[in-house]
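Asks: This is target-v9.pdb (PDB, C-alpha atoms).
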```pdb
ATOM      1  CA  MET A 992     -16.272-125.813 142.481
ATOM      2  CA  ALA A 993     -14.699-128.840 140.739
ATOM      3  CA  ALA A 994     -16.665-128.074 137.581
ATOM      4  CA  ARG A 995     -15.437-124.474 137.585
ATOM      5  CA  LEU A 996     -11.869-125.632 138.020
ATOM      6  CA  LEU A 997     -12.236-128.105 135.137
ATOM      7  CA  SER A 998     -13.806-125.452 132.972
ATOM      8  CA  PHE A 999     -11.006-123.003 133.804
ATOM      9  CA  THR A1000      -8.359-125.661 132.984
ATOM     10  CA  TYR A1001     -10.117-126.531 129.695
ATOM     11  CA  PHE A1002     -10.175-122.929 128.484
ATOM     12  CA  HIS A1003      -6.611-122.390 129.635
ATOM     13  CA  ILE A1004      -5.411-125.379 127.584
ATOM     14  CA  LEU A1005      -7.613-124.379 124.640
ATOM     15  CA  HIS A1006      -6.105-120.903 124.745
ATOM     16  CA  SER A1007      -2.592-122.367 124.774
ATOM     17  CA  ARG A1008      -3.373-124.152 121.459
ATOM     18  CA  ASN A1009      -1.525-127.196 122.709
ATOM     19  CA  ILE A1010      -3.463-129.842 120.776
ATOM     20  CA  THR A1011      -1.816-132.823 122.457
ATOM     21  CA  LEU A1012      -2.532-131.469 125.916
ATOM     22  CA  LEU A1013      -6.106-130.656 124.960
ATOM     23  CA  GLU A1014      -6.619-134.135 123.542
ATOM     24  CA  ASP A1015      -5.205-135.757 126.684
ATOM     25  CA  PHE A1016      -7.383-133.568 128.869
ATOM     26  CA  LEU A1017     -10.592-134.367 126.959
ATOM     27  CA  ASN A1018      -9.737-138.042 126.692
ATOM     28  CA  HIS A1019      -9.075-138.216 130.411
ATOM     29  CA  PHE A1020     -12.447-136.777 131.307
ATOM     30  CA  GLY A1021     -14.296-138.753 128.660
ATOM     31  CA  TYR A1022     -15.350-135.632 126.777
ATOM     32  CA  ILE A1023     -14.024-136.726 123.431
ATOM     33  CA  ASP A1024     -16.103-138.363 120.753
ATOM     34  CA  THR A1025     -15.032-140.017 117.519
ATOM     35  CA  GLN A1026     -15.609-136.994 115.308
ATOM     36  CA  MET A1027     -13.736-134.721 117.680
ATOM     37  CA  ASN A1028     -10.936-137.229 117.939
ATOM     38  CA  GLU A1029     -10.772-137.411 114.162
ATOM     39  CA  SER A1030     -10.577-133.656 113.711
ATOM     40  CA  MET A1031      -7.789-133.480 116.276
ATOM     41  CA  LEU A1032      -5.881-136.226 114.493
ATOM     42  CA  VAL A1033      -6.317-134.329 111.224
ATOM     43  CA  LYS A1034      -4.861-131.176 112.774
ATOM     44  CA  LYS A1035      -1.923-133.121 114.175
ATOM     45  CA  ALA A1036      -1.338-134.913 110.867
ATOM     46  CA  GLN A1037      -1.474-131.611 108.993
ATOM     47  CA  ALA A1038       1.177-130.329 111.377
ATOM     48  CA  GLY A1039       3.436-133.231 110.342
ATOM     49  CA  ASP A1040       2.633-135.897 112.949
ATOM     50  CA  PHE A1041       2.966-139.245 111.143
ATOM     51  CA  ASP A1042       1.553-141.276 114.042
ATOM     52  CA  ALA A1043      -1.611-139.176 113.934
ATOM     53  CA  PHE A1044      -1.965-139.907 110.209
ATOM     54  CA  VAL A1045      -1.510-143.635 110.817
ATOM     55  CA  LYS A1046      -4.196-143.557 113.522
ATOM     56  CA  LEU A1047      -6.454-141.560 111.236
ATOM     57  CA  VAL A1048      -6.357-143.998 108.324
ATOM     58  CA  ASP A1049      -6.152-147.169 110.377
ATOM     59  CA  GLY A1050      -9.896-147.735 110.501
ATOM     60  CA  TYR A1051     -10.306-147.118 106.762
ATOM     61  CA  LYS A1052      -7.530-149.217 105.194
ATOM     62  CA  GLY A1053      -9.419-152.501 105.380
ATOM     63  CA  ARG A1054     -12.681-150.908 104.285
ATOM     64  CA  ILE A1055     -11.039-149.345 101.243
ATOM     65  CA  PHE A1056      -9.458-152.693 100.420
ATOM     66  CA  ALA A1057     -12.851-154.436 100.599
ATOM     67  CA  LEU A1058     -14.461-151.696  98.498
ATOM     68  CA  GLY A1059     -11.652-151.862  95.935
ATOM     69  CA  ARG A1060     -12.006-155.616  95.661
ATOM     70  CA  LYS A1061     -15.755-155.325  95.063
ATOM     71  CA  MET A1062     -15.305-152.472  92.607
ATOM     72  CA  THR A1063     -12.626-154.151  90.500
ATOM     73  CA  GLY A1064     -13.282-157.821  91.276
ATOM     74  CA  ASN A1065      -9.538-158.213  91.703
ATOM     75  CA  GLU A1066      -7.460-158.499  94.886
ATOM     76  CA  GLN A1067      -4.236-157.141  93.365
ATOM     77  CA  ASP A1068      -6.027-154.061  92.029
ATOM     78  CA  ALA A1069      -7.622-153.593  95.458
ATOM     79  CA  GLU A1070      -4.163-153.636  97.081
ATOM     80  CA  ASP A1071      -2.952-151.015  94.610
ATOM     81  CA  ILE A1072      -6.031-148.893  95.272
ATOM     82  CA  VAL A1073      -5.346-148.902  99.035
ATOM     83  CA  GLN A1074      -1.710-148.029  98.471
ATOM     84  CA  GLU A1075      -2.374-145.226  95.975
ATOM     85  CA  THR A1076      -5.230-143.822  98.079
ATOM     86  CA  LEU A1077      -3.070-143.527 101.186
ATOM     87  CA  LEU A1078      -0.153-142.036  99.278
ATOM     88  CA  LYS A1079      -2.487-139.472  97.690
ATOM     89  CA  ALA A1080      -3.933-138.741 101.126
ATOM     90  CA  ILE A1081      -0.419-137.941 102.389
ATOM     91  CA  ASP A1082       0.312-135.727  99.376
ATOM     92  CA  ASN A1083      -2.916-133.793  99.872
ATOM     93  CA  ILE A1084      -3.432-133.892 103.630
ATOM     94  CA  ASP A1085      -2.993-130.125 103.835
ATOM     95  CA  GLN A1086      -5.800-129.694 101.273
ATOM     96  CA  PHE A1087      -8.345-131.381 103.548
ATOM     97  CA  ARG A1088     -10.477-128.569 104.966
ATOM     98  CA  GLY A1089     -12.871-130.621 107.072
ATOM     99  CA  ASP A1090     -15.980-129.654 105.062
ATOM    100  CA  ALA A1091     -16.865-133.358 104.923
ATOM    101  CA  ALA A1092     -15.847-136.205 107.211
ATOM    102  CA  PHE A1093     -12.276-137.391 106.755
ATOM    103  CA  GLY A1094     -13.602-140.837 105.754
ATOM    104  CA  SER A1095     -15.696-139.321 102.943
ATOM    105  CA  TRP A1096     -12.630-137.482 101.657
ATOM    106  CA  LEU A1097     -10.642-140.719 101.712
ATOM    107  CA  TYR A1098     -13.418-142.683  99.961
ATOM    108  CA  ALA A1099     -13.560-140.025  97.232
ATOM    109  CA  ILE A1100      -9.816-140.498  96.618
ATOM    110  CA  ALA A1101     -10.258-144.295  96.648
ATOM    111  CA  LEU A1102     -13.097-144.120  94.113
ATOM    112  CA  ASN A1103     -10.989-141.999  91.789
ATOM    113  CA  GLN A1104      -8.253-144.606  92.014
ATOM    114  CA  ALA A1105     -10.756-147.406  91.356
ATOM    115  CA  ARG A1106     -12.134-145.550  88.329
ATOM    116  CA  GLN A1107      -8.611-145.295  86.935
ATOM    117  CA  PHE A1108      -8.115-149.045  87.354
ATOM    118  CA  LEU A1109     -11.409-149.721  85.648
ATOM    119  CA  GLY A1110     -10.508-147.429  82.797
ATOM    120  CA  LYS A1111     -13.199-146.297  80.460
ATOM    121  CA  GLN A1112     -15.482-149.293  80.753
ATOM    122  CA  LYS A1113     -18.290-149.028  78.265
ATOM    123  CA  HIS A1114     -21.605-149.966  79.765
ATOM    124  CA  VAL A1115     -25.100-149.434  78.530
ATOM    125  CA  ASP A1116     -27.104-147.412  81.035
ATOM    126  CA  LEU A1117     -29.568-149.146  83.351
ATOM    127  CA  LYS A1118     -33.293-149.193  82.674
ATOM    128  CA  PRO A1119     -35.528-146.598  84.377
ATOM    129  CA  ILE A1120     -36.840-147.758  87.789
ATOM    130  CA  GLU A1121     -40.399-148.351  86.529
ATOM    131  CA  GLU A1122     -39.249-150.986  84.063
ATOM    132  CA  TYR A1123     -37.942-153.207  86.841
ATOM    133  CA  LEU A1124     -41.217-153.199  88.758
ATOM    134  CA  PRO A1125     -44.159-155.599  88.607
ATOM    135  CA  SER A1126     -46.880-154.167  86.396
ATOM    136  CA  ARG A1127     -49.977-155.809  87.870
ATOM    137  CA  ASN A1128     -52.697-153.639  89.343
ATOM    138  CA  ALA A1129     -53.161-154.229  93.065
ATOM    139  CA  ASP A1130     -56.895-154.843  92.627
ATOM    140  CA  ASP A1131     -56.356-157.462  89.977
ATOM    141  CA  MET A1132     -55.504-160.620  91.831
ATOM    142  CA  HIS A1133     -54.718-162.594  88.683
ATOM    143  CA  ASP A1134     -51.008-162.571  88.031
ATOM    144  CA  ALA A1135     -50.208-162.165  84.349
ATOM    145  CA  HIS A1136     -46.652-163.216  85.113
ATOM    146  CA  ALA A1137     -45.597-164.481  88.522
ATOM    147  CA  LEU A1138     -42.134-163.395  89.540
ATOM    148  CA  PHE A1139     -39.506-166.017  90.257
ATOM    149  CA  ASP A1140     -39.150-166.586  94.003
ATOM    150  CA  TRP A1141     -35.521-166.787  95.169
ATOM    151  CA  LYS A1142     -36.394-168.536  98.430
ATOM    152  CA  ASP A1143     -33.053-169.084 100.216
ATOM    153  CA  PRO A1144     -30.099-169.108  97.757
ATOM    154  CA  HIS A1145     -27.797-170.332 100.569
ATOM    155  CA  SER A1146     -29.733-173.565 100.855
ATOM    156  CA  LEU A1147     -29.357-174.346  97.159
ATOM    157  CA  LEU A1148     -25.940-173.067  96.208
ATOM    158  CA  GLU A1149     -22.471-173.542  97.677
ATOM    159  CA  SER A1150     -21.130-170.419  99.417
ATOM    160  CA  GLU A1151     -18.190-170.176  97.050
ATOM    161  CA  GLU A1152     -20.384-170.381  93.965
ATOM    162  CA  LEU A1153     -22.869-167.930  95.425
ATOM    163  CA  ARG A1154     -20.061-165.464  96.173
ATOM    164  CA  LYS A1155     -18.844-165.677  92.586
ATOM    165  CA  ILE A1156     -22.354-165.173  91.223
ATOM    166  CA  ILE A1157     -22.796-162.055  93.379
ATOM    167  CA  ASP A1158     -19.371-160.588  92.557
ATOM    168  CA  ASP A1159     -19.896-161.177  88.828
ATOM    169  CA  ALA A1160     -23.305-159.502  88.981
ATOM    170  CA  ILE A1161     -21.825-156.480  90.808
ATOM    171  CA  SER A1162     -18.993-156.209  88.296
ATOM    172  CA  GLU A1163     -21.539-156.024  85.472
ATOM    173  CA  LEU A1164     -23.112-152.876  86.911
ATOM    174  CA  PRO A1165     -22.014-149.655  85.224
ATOM    175  CA  VAL A1166     -19.329-148.028  87.392
ATOM    176  CA  LYS A1167     -21.424-145.060  88.553
ATOM    177  CA  TYR A1168     -24.155-147.417  89.822
ATOM    178  CA  ARG A1169     -21.680-149.912  91.245
ATOM    179  CA  GLU A1170     -19.895-147.323  93.377
ATOM    180  CA  ALA A1171     -23.109-145.769  94.706
ATOM    181  CA  PHE A1172     -24.535-149.182  95.600
ATOM    182  CA  LEU A1173     -21.333-150.371  97.299
ATOM    183  CA  LEU A1174     -20.843-147.169  99.281
ATOM    184  CA  ARG A1175     -24.440-147.342 100.517
ATOM    185  CA  TYR A1176     -24.809-151.011 101.312
ATOM    186  CA  PHE A1177     -21.327-152.479 101.493
ATOM    187  CA  GLU A1178     -19.681-149.575 103.303
ATOM    188  CA  GLU A1179     -22.995-148.772 105.020
ATOM    189  CA  LEU A1180     -22.739-145.013 104.492
ATOM    190  CA  SER A1181     -25.826-142.803 104.574
ATOM    191  CA  VAL A1182     -27.361-141.496 101.330
ATOM    192  CA  LYS A1183     -26.105-138.033 102.334
ATOM    193  CA  GLU A1184     -22.534-139.302 102.720
ATOM    194  CA  VAL A1185     -22.663-141.204  99.429
ATOM    195  CA  ALA A1186     -24.054-138.126  97.669
ATOM    196  CA  ALA A1187     -21.169-136.018  99.011
ATOM    197  CA  ILE A1188     -18.589-138.567  97.858
ATOM    198  CA  ILE A1189     -19.950-139.045  94.348
ATOM    199  CA  GLU A1190     -20.843-135.343  94.082
ATOM    200  CA  GLU A1191     -24.499-135.806  93.205
ATOM    201  CA  SER A1192     -27.712-134.566  94.792
ATOM    202  CA  GLU A1193     -29.293-136.808  97.421
ATOM    203  CA  ALA A1194     -32.288-137.444  95.148
ATOM    204  CA  ALA A1195     -30.077-138.502  92.228
ATOM    205  CA  THR A1196     -27.975-140.651  94.553
ATOM    206  CA  LYS A1197     -31.026-142.381  95.980
ATOM    207  CA  SER A1198     -32.317-143.100  92.500
ATOM    208  CA  ARG A1199     -28.921-144.421  91.384
ATOM    209  CA  ILE A1200     -28.696-146.746  94.389
ATOM    210  CA  LEU A1201     -32.205-148.095  93.808
ATOM    211  CA  ARG A1202     -31.578-148.702  90.101
ATOM    212  CA  ALA A1203     -28.389-150.573  90.961
ATOM    213  CA  ARG A1204     -30.256-152.689  93.487
ATOM    214  CA  LEU A1205     -33.070-153.451  91.025
ATOM    215  CA  ALA A1206     -30.601-154.292  88.248
ATOM    216  CA  LEU A1207     -28.680-156.612  90.564
ATOM    217  CA  ARG A1208     -31.929-158.295  91.586
ATOM    218  CA  ASP A1209     -32.815-158.791  87.927
ATOM    219  CA  LYS A1210     -29.420-160.239  87.102
ATOM    220  CA  LEU A1211     -29.390-162.554  90.108
ATOM    221  CA  THR A1212     -32.936-163.689  89.360
ATOM    222  CA  SER A1213     -31.948-164.785  85.869
ATOM    223  CA  VAL A1214     -28.869-166.629  87.200
ATOM    224  CA  PHE A1215     -30.806-168.303  90.044
ATOM    225  CA  GLU A1216     -33.595-169.357  87.677
ATOM    226  CA  VAL A1217     -31.087-171.284  85.581
ATOM    227  CA  ARG A1218     -29.087-172.632  88.532
ATOM    228  CA  TYR A1219     -32.137-173.650  90.601
ATOM    229  CA  GLY A1220     -33.625-175.251  87.521
ATOM    230  CA  LYS A1221     -30.545-177.425  87.197
ATOM    231  CA  GLU A1222     -30.413-178.245  90.916
ATOM    232  CA  LEU A1223     -34.069-178.945  91.448
ATOM    233  CA  PRO A1224     -36.059-179.505  88.274
ATOM    234  CA  GLY A1225     -39.619-178.311  88.603
ATOM    235  CA  LEU A1226     -38.906-176.074  91.624
ATOM    236  CA  HIS A1227     -40.416-173.101  89.873
TER     237      HIS A1227
ATOM    238  CA  MET B 355     -59.471-147.992  91.018
ATOM    239  CA  GLY B 356     -56.886-148.969  93.601
ATOM    240  CA  LYS B 357     -53.212-148.241  93.589
ATOM    241  CA  SER B 358     -51.005-150.230  91.260
ATOM    242  CA  CYS B 359     -47.996-152.178  92.489
ATOM    243  CA  ARG B 360     -45.801-149.504  90.913
ATOM    244  CA  ASP B 361     -47.478-146.826  93.037
ATOM    245  CA  TYR B 362     -46.521-148.695  96.184
ATOM    246  CA  ILE B 363     -43.067-149.408  94.966
ATOM    247  CA  LYS B 364     -42.329-145.743  94.279
ATOM    248  CA  GLY B 365     -41.446-145.460  97.959
ATOM    249  CA  LEU B 366     -39.536-148.719  97.771
ATOM    250  CA  SER B 367     -36.105-147.361  98.569
ATOM    251  CA  ASP B 368     -37.270-145.649 101.752
ATOM    252  CA  TYR B 369     -39.354-148.658 102.746
ATOM    253  CA  LEU B 370     -36.441-151.075 102.324
ATOM    254  CA  ASP B 371     -34.232-148.777 104.375
ATOM    255  CA  GLY B 372     -36.899-148.450 107.076
ATOM    256  CA  GLU B 373     -37.370-144.758 106.411
ATOM    257  CA  VAL B 374     -41.077-144.437 105.522
ATOM    258  CA  GLU B 375     -43.794-142.909 107.676
ATOM    259  CA  PRO B 376     -45.600-145.540 109.810
ATOM    260  CA  GLU B 377     -48.873-144.999 107.911
ATOM    261  CA  LEU B 378     -47.330-145.673 104.489
ATOM    262  CA  CYS B 379     -45.298-148.532 105.932
ATOM    263  CA  ALA B 380     -48.512-150.196 107.175
ATOM    264  CA  GLU B 381     -50.133-149.637 103.764
ATOM    265  CA  ILE B 382     -47.188-151.205 101.918
ATOM    266  CA  GLU B 383     -47.100-154.143 104.313
ATOM    267  CA  LYS B 384     -50.818-154.737 103.862
ATOM    268  CA  HIS B 385     -50.270-154.727 100.098
ATOM    269  CA  ILE B 386     -47.330-157.136 100.330
ATOM    270  CA  GLY B 387     -49.513-159.489 102.370
ATOM    271  CA  GLU B 388     -51.965-159.621  99.461
ATOM    272  CA  CYS B 389     -49.646-159.384  96.455
ATOM    273  CA  GLN B 390     -47.261-162.253  95.840
ATOM    274  CA  ASN B 391     -45.220-160.450  93.193
ATOM    275  CA  CYS B 392     -44.528-157.482  95.442
ATOM    276  CA  ARG B 393     -43.632-159.807  98.306
ATOM    277  CA  ILE B 394     -41.168-161.662  96.068
ATOM    278  CA  MET B 395     -39.780-158.380  94.752
ATOM    279  CA  ILE B 396     -39.202-156.896  98.205
ATOM    280  CA  ASP B 397     -37.874-160.138  99.670
ATOM    281  CA  SER B 398     -35.349-160.540  96.842
ATOM    282  CA  LEU B 399     -34.321-156.876  97.001
ATOM    283  CA  ARG B 400     -33.574-157.338 100.697
ATOM    284  CA  GLN B 401     -31.580-160.479  99.927
ATOM    285  CA  THR B 402     -29.630-158.619  97.231
ATOM    286  CA  VAL B 403     -28.067-156.462  99.923
ATOM    287  CA  THR B 404     -27.481-159.231 102.470
ATOM    288  CA  LEU B 405     -25.892-161.484  99.836
ATOM    289  CA  CYS B 406     -23.521-158.682  98.805
ATOM    290  CA  ARG B 407     -22.468-158.209 102.423
ATOM    291  CA  ASP B 408     -21.937-161.939 103.054
ATOM    292  CA  GLY B 409     -18.379-162.933 103.865
ATOM    293  CA  ARG B 410     -17.205-159.341 103.894
ATOM    294  CA  SER B 411     -13.695-159.143 105.237
ATOM    295  CA  GLU B 412     -11.979-155.880 105.984
ATOM    296  CA  ARG B 413      -8.625-157.407 106.827
ATOM    297  CA  LEU B 414      -5.692-156.247 104.775
ATOM    298  CA  PRO B 415      -3.367-158.961 103.469
ATOM    299  CA  GLU B 416      -0.358-159.142 105.794
ATOM    300  CA  SER B 417       2.067-158.541 102.920
ATOM    301  CA  LEU B 418       0.287-155.277 102.068
ATOM    302  CA  GLU B 419       0.179-154.205 105.712
ATOM    303  CA  ASN B 420       3.962-154.713 105.977
ATOM    304  CA  LYS B 421       4.662-152.964 102.696
ATOM    305  CA  LEU B 422       2.439-149.999 103.546
ATOM    306  CA  SER B 423       4.127-149.019 106.786
ATOM    307  CA  SER B 424       7.515-148.308 105.158
ATOM    308  CA  LEU B 425       5.983-146.893 101.979
ATOM    309  CA  LEU B 426       3.834-144.399 103.861
ATOM    310  CA  LYS B 427       6.658-143.407 106.168
ATOM    311  CA  ASP B 428       8.932-142.686 103.187
ATOM    312  CA  ARG B 429       6.277-140.560 101.497
ATOM    313  CA  TRP B 430       5.562-138.769 104.771
ATOM    314  CA  ASN B 431       9.227-137.870 105.230
ATOM    315  CA  LYS B 432       9.255-136.387 101.747
ATOM    316  CA  LYS B 433       6.113-134.394 102.468
ATOM    317  CA  PHE B 434       7.321-133.245 105.895
ATOM    318  CA  PRO B 435      11.135-133.253 105.723
ATOM    319  CA  LYS B 436      12.715-133.085 109.137
ATOM    320  CA  GLU B 437      14.773-129.945 109.695
ATOM    321  CA  LYS B 438      18.382-130.637 110.561
TER     322      LYS B 438
END
```
Take the structure in the file and write it out as structure tokens.

Replies:
Amino acid sequence: MAARLLSFTYFHILHSRNITLLEDFLNHFGYIDTQMNESMLVKKAQAGDFDAFVKLVDGYKGRIFALGRKMTGNEQDAEDIVQETLLKAIDNIDQFRGDAAFGSWLYAIALNQARQFLGKQKHVDLKPIEEYLPSRNADDMHDAHALFDWKDPHSLLESEELRKIIDDAISELPVKYREAFLLRYFEELSVKEVAAIIEESEAATKSRILRARLALRDKLTSVFEVRYGKELPGLH
Amino acid sequence: MGKSCRDYIKGLSDYLDGEVEPELCAEIEKHIGECQNCRIMIDSLRQTVTLCRDGRSERLPESLENKLSSLLKDRWNKKFPKEK
């Protein structure tokens, strides 16, 4: 009986198109999930509700700032990226159709802003994946060239220095690899989400992310080899 | 002739992200146990991601937070002017 009454109330409110009432009703009975909440906030924001917009972007501001800082290597640029992204989001809020998650839409705007800050950086392309990999045959147990073992970089380098080494290595990646890598592993988005944001196929996105990761590994290996060598002669 | 290291590492991305079939996962892990270079490669690729995430802060500087609230409100009022 109670369930029928609830169901009747739900459809009555739904029919009335009173979004606030519907949201309160669903919230009250615990029927609302994040995605649903987000789409309701979008509808309210598109109808001119500033508080809904603020709620909508609240969880993304800091993440966009962190992404901007990693992308540009500069805190001031990251601040400008957050600011410009949110202003653009206001200007275009009525253009958001909900085909992708709101966060993906916002990240796409943020990346465009970051690309503008980075300008037309000239970078040589990364090597194909195969060229980063060890070449030894699995049956041949004699290593022609043993790879350098990182062990634990934290135990050998100061945190501040390590952070700088990492940020420098990221900033050397060509922009299209840098953004794919950061969206996947820094923002922890799925390959599907990253692909939607950078407008590439999932296969191409996966390959781009792996090449970025391999290139970073290569770069860090060469830095660690030199730094470890100075810290602990004969370690390798 | 057995598989080369490169054959195993073709599925590297999925393996590192924990998205390979259990059978292939076991095969790769067996190989890593026997091949020092592949172990070093996979270990350092894992560290590449954890090092990049280290010290990640998502807090906005207070000055930006303060500036944003009035800036956004102004832009919003232009986008949605209140009818008088």

Asks: Taking all atoms listed in the file into account and nothing else, which residues of chain A lie no more than 8 Å away from chain B? Please answer as a PDB file with C-alpha atoms, in the coordinates of the input.

Replies:
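The new file iface_18.pdb reads:
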```
ATOM      1  CA  GLY A1039       3.436-133.231 110.342  1.00  0.00           C
ATOM      2  CA  PHE A1041       2.966-139.245 111.143  1.00  0.00           C
ATOM      3  CA  LYS A1052      -7.530-149.217 105.194  1.00  0.00           C
ATOM      4  CA  GLY A1053      -9.419-152.501 105.380  1.00  0.00           C
ATOM      5  CA  ARG A1054     -12.681-150.908 104.285  1.00  0.00           C
ATOM      6  CA  PHE A1056      -9.458-152.693 100.420  1.00  0.00           C
ATOM      7  CA  ALA A1057     -12.851-154.436 100.599  1.00  0.00           C
ATOM      8  CA  GLU A1070      -4.163-153.636  97.081  1.00  0.00           C
ATOM      9  CA  GLN A1074      -1.710-148.029  98.471  1.00  0.00           C
ATOM     10  CA  LEU A1077      -3.070-143.527 101.186  1.00  0.00           C
ATOM     11  CA  LEU A1078      -0.153-142.036  99.278  1.00  0.00           C
ATOM     12  CA  ILE A1081      -0.419-137.941 102.389  1.00  0.00           C
ATOM     13  CA  ASP A1082       0.312-135.727  99.376  1.00  0.00           C
ATOM     14  CA  GLU A1121     -40.399-148.351  86.529  1.00  0.00           C
ATOM     15  CA  LEU A1124     -41.217-153.199  88.758  1.00  0.00           C
ATOM     16  CA  PRO A1125     -44.159-155.599  88.607  1.00  0.00           C
ATOM     17  CA  SER A1126     -46.880-154.167  86.396  1.00  0.00           C
ATOM     18  CA  ARG A1127     -49.977-155.809  87.870  1.00  0.00           C
ATOM     19  CA  ASN A1128     -52.697-153.639  89.343  1.00  0.00           C
ATOM     20  CA  ALA A1129     -53.161-154.229  93.065  1.00  0.00           C
ATOM     21  CA  ASP A1130     -56.895-154.843  92.627  1.00  0.00           C
ATOM     22  CA  MET A1132     -55.504-160.620  91.831  1.00  0.00           C
ATOM     23  CA  ALA A1137     -45.597-164.481  88.522  1.00  0.00           C
ATOM     24  CA  LEU A1138     -42.134-163.395  89.540  1.00  0.00           C
ATOM     25  CA  PHE A1139     -39.506-166.017  90.257  1.00  0.00           C
ATOM     26  CA  ASP A1140     -39.150-166.586  94.003  1.00  0.00           C
ATOM     27  CA  TRP A1141     -35.521-166.787  95.169  1.00  0.00           C
ATOM     28  CA  ARG A1154     -20.061-165.464  96.173  1.00  0.00           C
ATOM     29  CA  ILE A1157     -22.796-162.055  93.379  1.00  0.00           C
ATOM     30  CA  ASP A1158     -19.371-160.588  92.557  1.00  0.00           C
ATOM     31  CA  TYR A1176     -24.809-151.011 101.312  1.00  0.00           C
ATOM     32  CA  PHE A1177     -21.327-152.479 101.493  1.00  0.00           C
ATOM     33  CA  LYS A1197     -31.026-142.381  95.980  1.00  0.00           C
ATOM     34  CA  LEU A1201     -32.205-148.095  93.808  1.00  0.00           C
ATOM     35  CA  ARG A1204     -30.256-152.689  93.487  1.00  0.00           C
ATOM     36  CA  LEU A1205     -33.070-153.451  91.025  1.00  0.00           C
ATOM     37  CA  LEU A1207     -28.680-156.612  90.564  1.00  0.00           C
ATOM     38  CA  ARG A1208     -31.929-158.295  91.586  1.00  0.00           C
TER      39      ARG A1208
END
```

Asks: Can you translate the PyMOL selection byres ((chain A and resi 1035-1037) around 12) into the concrete residues it hits in this file, as an NGL selection string?

Replies: (:A and (1008-1014 or 1028-1034 or 1038-1048 or 1080-1089 or 1093)) or (:B and (430 or 433-434))

Asks: Applied to the shown file, which residues does the PyMOL selection byres ((chain A and resi 1183) around 10) return, written as an MDAnalysis selection string?

Replies: chainID A and resid 1175 1180:1182 1184:1188 1191:1194 1196:1197

Asks: Evaluating the PyMOL selection byres ((chain A and resi 1100) around 9) on the displayed file yields which residues, as a ChimeraX atom specification?

Replies: /A:1075-1077,1079-1080,1095-1099,1101-1105

Asks: Between atom CA of Arg1218 of chain A and atom CA of Gly1059 of chain A, what distance in Å does the model show, to one decimal?

Replies: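 These two atoms are separated by 28.1 Å.
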
Asks: Skipping near chain neighbours, those fewer than 2 positions away, what residues fall within 10 Å of Leu1117 of chain A using all atoms listed in the file, listed as a PyMOL selection string?

Replies: chain A and resi 1114-1115+1119-1120+1122-1123+1164-1165+1168+1199+1202-1203+1205-1206

Asks: What is the atom CA of Gln1107 of chain A to atom CA of Ile1200 of chain A distance in Å?

Replies: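 Between atom CA of Gln1107 of chain A and atom CA of Ile1200 of chain A the gap is 21.5 Å.
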
Asks: So the first atom is atom CA of Thr1063 of chain A and the second is atom CA of Asp1049 of chain A; what is the distance between them in Å, to one decimal place?

Replies: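 Atom-to-atom, atom CA of Thr1063 of chain A and atom CA of Asp1049 of chain A are spaced 22.0 Å apart.
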
Asks: Starting from 5 Å padding per side, set up an axis-aligned box that covers all listed atoms of segment 1042-1060 of chain A and hand over centre and edge lengths in Å, one decimal, as lines of an AutoDock Vina configuration file.

Replies:
```
center_x = -6.5
center_y = -147.4
center_z = 104.9
size_x = 26.0
size_y = 26.4
size_z = 28.4
```
